[in-house]
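One structure is given below, encoded as structure tokens.
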Amino acid sequence: MTSLRRALAALCLAAAAVAAHAAQPPRFELVTLGVEGGVSSDNLSGYLIKARGDEHYLALDAGTLVAGIEKARASGALKNSTGDILHQGISAYFISHGHLDHVAGLVIASPEDHGNKPVYGLASTLDVLSRDYFNWEAWPNLADRGKAPALGWYHLAVEAPGTWFPVQGTSMSAKLWPLSHDAVVSSMVLLRAGGDYYAYFGDTGPDALAHGKRDLADVWQALAPLVRSHALKGIQIEASFPNDVPDAKLFGHLTPAWLLRELQALEDASGGKDALRGLTVVVDHIKPSLDEGRDPRALITTQLAAGNTLGVHFVVPAQGERLVFP
Ligand SMILES: [Zn+2]
């Protein structure tokens with residue numbers, strides 16, 4: 001064989017390997033319905049996730065829902081009609097905490113939603129949904145408990161921290177951990193599909209500002225074995241403010257500096273230097289600024305890159321994107 005023919009044969013083999021890899025659907029697929037942490041009601045925290053082989057999505061928070069589905073359809077990230085996606089595409093919801101920017105889309109779309117879907121969350125989160133939103137004053141009671149008549153369009157499914165439960169309509173199971181978020185208990189959901197995992201964090205501050213609570217330290221201990229075995233395909237967590245916002249003004253949120261410090265703790269728990277290299281970290285909940293000339297997204301992206309000695313793969317998605325986790 002001439003060296004040219006050998007080179008061609010090697011190229012063909014490489015192309016075949018790429019094609020085989022490309023043909024395999026991603027282990028997880030995430031669609032961003034809303035990515036910001038406030039100000040504009042049509043771009044608040046809301047994501048759809050599904051696992052390889054699944055037809056239905058779990059919604060991860062629902063600050064923006066229908067407006068986000070329409071944005072994702074316009075960009076090609078979602079294909080079906082808005083009604084199909086809302087009615088059939090989403091088979092369940094996870095709500096990380098009861099703040100308005102994580103539930104508004106669900107509440108507003110609820111009269112159009114069908115099917116006694118589960119809304120998973122910690123007891124304290126679902127108490128807020130029932131007491132403060134689905135109470136016949138803020139909104140009709142479409143939940144299955146609370147002020148009568150409870151119409152039961154949603155099943156408020158309380159899940160205890162640390163216990164696996166199946167996600168209805170999907171092949172995924174899930175487990176919750178509490179997070180410290182100013183005066184509120186927020187939560188992280190760890191999703192499992194086969195041997196693959198994805199961790200979605202609701203709003204959280206750093207442990208160092210949590211008045212003695214060490215919720216993130218507990219989460220890092222739980223994720224460390226999955227990092228070591230490369231079973232964790234992605235982490236999604238907030239960085240709400242750029243680094244120049246002082247600690248006293250964070251109100252239970254992270255900056256890039258605090259996020260990098262917390263990820264350092266995960267690296268330490270996972271075996272030390274380079275343990276996180278190549279791990280995808282999706283960064284969300286950036287709070288926009290209406291100050292002329294101030295661009296928190298650009299600042300946060302730059303600050304994350306500048307401090308990234310961990311070698312993680314930071315992704316700061318826009319609204320209406322489809323992210324895949326191979
Ligand atoms: Zn919040």
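We label chains A, B, ... in the order they appear in the structure tokens, count residues from 1 in each chain, and number ligands from 1 in the order shown.
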
Show me, as a ChimeraX atom specification, the residues that have an atom within 10 Å of A:Ser96 when counting only C-alpha atoms, minus same-chain residues fewer than 6 positions from it. /A:60-62,102-103,120-122,125-126,176-179,185-189,200-203

Using only C-alpha atoms, which protein or nucleic acid residues come within 10 Å of A:Trp258? Drop anything in the same chain fewer than 3 positions from it, and give the result as an MDAnalysis selection string. chainID A and resid 205:209 239 243 247 253:255 261:264

Store the residues of this selection in a file with N, CA and C atoms, as a CSV table (one decimal), in the first residue's frame.
chain,number,residue,atom,x,y,z
A,205,GLY,N,-26.8,30.4,46.9
A,205,GLY,CA,-25.6,31.1,47.3
A,205,GLY,C,-24.5,30.2,47.7
A,206,PRO,N,-23.3,30.8,47.9
A,206,PRO,CA,-22.1,29.9,48.4
A,206,PRO,C,-22.3,29.5,49.8
A,207,ASP,N,-21.7,28.4,50.2
A,207,ASP,CA,-21.8,27.9,51.6
A,207,ASP,C,-21.2,29.0,52.5
A,208,ALA,N,-20.1,29.7,52.1
A,208,ALA,CA,-19.5,30.6,52.9
A,208,ALA,C,-20.4,31.8,53.4
A,209,LEU,N,-21.5,32.0,52.7
A,209,LEU,CA,-22.4,33.1,53.0
A,209,LEU,C,-23.7,32.6,53.5
A,239,ALA,N,-24.9,31.9,38.0
A,239,ALA,CA,-24.0,32.9,38.3
A,239,ALA,C,-24.8,34.2,38.1
A,243,ASN,N,-18.6,39.9,39.4
A,243,ASN,CA,-17.8,39.8,40.6
A,243,ASN,C,-17.8,41.2,41.4
A,247,ASP,N,-20.7,40.9,48.5
A,247,ASP,CA,-21.3,39.8,49.1
A,247,ASP,C,-22.6,40.2,49.8
A,253,HIS,N,-27.2,34.4,46.0
A,253,HIS,CA,-26.8,34.0,44.6
A,253,HIS,C,-25.3,33.9,44.5
A,254,LEU,N,-24.8,33.4,43.4
A,254,LEU,CA,-23.4,33.3,43.1
A,254,LEU,C,-22.9,34.3,42.1
A,255,THR,N,-21.6,34.7,42.3
A,255,THR,CA,-20.9,35.4,41.2
A,255,THR,C,-19.9,34.4,40.5
A,261,ARG,N,-15.1,29.0,43.1
A,261,ARG,CA,-14.6,28.5,44.4
A,261,ARG,C,-15.4,27.3,44.8
A,262,GLU,N,-16.7,27.3,44.5
A,262,GLU,CA,-17.5,26.1,44.8
A,262,GLU,C,-17.1,24.9,43.9
A,263,LEU,N,-16.9,25.2,42.7
A,263,LEU,CA,-16.4,24.1,41.7
A,263,LEU,C,-15.1,23.6,42.2
A,264,GLN,N,-14.2,24.5,42.7
A,264,GLN,CA,-13.0,24.0,43.3
A,264,GLN,C,-13.2,23.0,44.4

Sorted per-residue table, chain A near ligand 1, closest atoms and distance, 7 Å, only C-alpha atoms and all ligand atoms, as a Markdown table:
| residue | atom | partner | partner_atom_place_in_ligand_line | distance |
| --- | --- | --- | --- | --- |
| A:His97 | CA | ligand 1 | 1 (Zn) | 6.7 |
| A:His99 | CA | ligand 1 | 1 (Zn) | 5.0 |
| A:His181 | CA | ligand 1 | 1 (Zn) | 6.8 |
| A:Asp203 | CA | ligand 1 | 1 (Zn) | 5.2 |

Go ahead and write the selection's residues with C-alpha atoms as an mmCIF file, in the first residue's frame.
data_model
loop_
_atom_site.group_PDB
_atom_site.id
_atom_site.type_symbol
_atom_site.label_atom_id
_atom_site.label_comp_id
_atom_site.auth_asym_id
_atom_site.auth_seq_id
_atom_site.Cartn_x
_atom_site.Cartn_y
_atom_site.Cartn_z
ATOM 1 C CA HIS A 97 -38.141 26.947 44.651
ATOM 2 C CA HIS A 99 -39.810 32.466 43.569
ATOM 3 C CA HIS A 181 -30.947 30.710 48.822
ATOM 4 C CA ASP A 203 -30.817 29.443 42.768
#

Under the rule that only C-alpha atoms are counted, which of A:Ser171, A:Asn116, A:Ser110, A:Ser40 is the nearest residue to A:Phe134? A:Ser110

Could you pull out the helix (DSSP H, G or I) residues of stretch 23-242 of chain A from DSSP and send them as a ChimeraX atom specification? /A:23,66-75,82-89,100-112,123-133,207-209,215-228

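Ranking A:Thr64, A:Thr302, A:Thr280, A:Gln168 by their shortest atom-to-atom distance to A:Gly38, with only C-alpha atoms included, puts A:Thr64 first.
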
Between atom CA of A:Ser173 and atom CA of A:Arg192 - distance in Å to one decimal: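 Computed distance, atom CA of A:Arg192 to atom CA of A:Ser173, equals 5.3 Å.
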
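When atom CA of A:Gly311 is paired with atom CA of A:Asp284, their separation reads 18.6 Å.
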
Nearest to A:Val39: which of A:Leu260, A:Ile95, A:Leu100, A:Ala150 is it, counting only C-alpha atoms?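 Among A:Leu260, A:Ile95, A:Leu100, A:Ala150, it is A:Leu100 that comes nearest to A:Val39.
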
Work out how far apart atom CA of A:Leu216 and atom CA of A:Lys249 are and give it in Å to one decimal.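 We find that atom CA of A:Leu216 and atom CA of A:Lys249 lie 19.8 Å from each other.
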
For A:Glu112, please output as an NGL selection string all residues within 9 Å (counting only C-alpha atoms; exclusion window: fewer than 5 positions along the same chain). :A and (83 or 86-87)

Using only C-alpha atoms, which residues sit within 10 Å of A:Gly195 once same-chain residues fewer than 6 positions away are excluded, as a PyMOL selection string? chain A and resi 27+226+230-232

Write out as a PyMOL selection string all residues of stretch 184-229 of chain A that backbone DSSP assigns to strand (DSSP E or B). chain A and resi 184-193+196-201

When distances are computed from only C-alpha atoms, which of A:Gln88, A:Ser289, A:Asn308, A:Ser240 shows the smallest separation from A:Val35?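 Ranking A:Gln88, A:Ser289, A:Asn308, A:Ser240 by distance to A:Val35, first place goes to A:Ser240.
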
Pick from A:Asp274, A:Glu238, A:Asp127, A:Asp42, whichever lies nearest to A:Arg297 using only C-alpha atoms: A:Glu238

I'd like the contact shell of A:Gly89 - 12 Å cut-off, only C-alpha atoms, skipping same-chain residues fewer than 2 positions apart - returned as a ChimeraX atom specification. /A:48-50,54-59,69,78-87,91-93,113-115,117,169-170

Pick out the closest residue to A:Leu279 from this set: A:Trp164, A:Phe28, A:Trp139, A:Phe314. Count only C-alpha atoms.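 Comparing A:Trp164, A:Phe28, A:Trp139, A:Phe314 against A:Leu279, the winner is A:Phe314.
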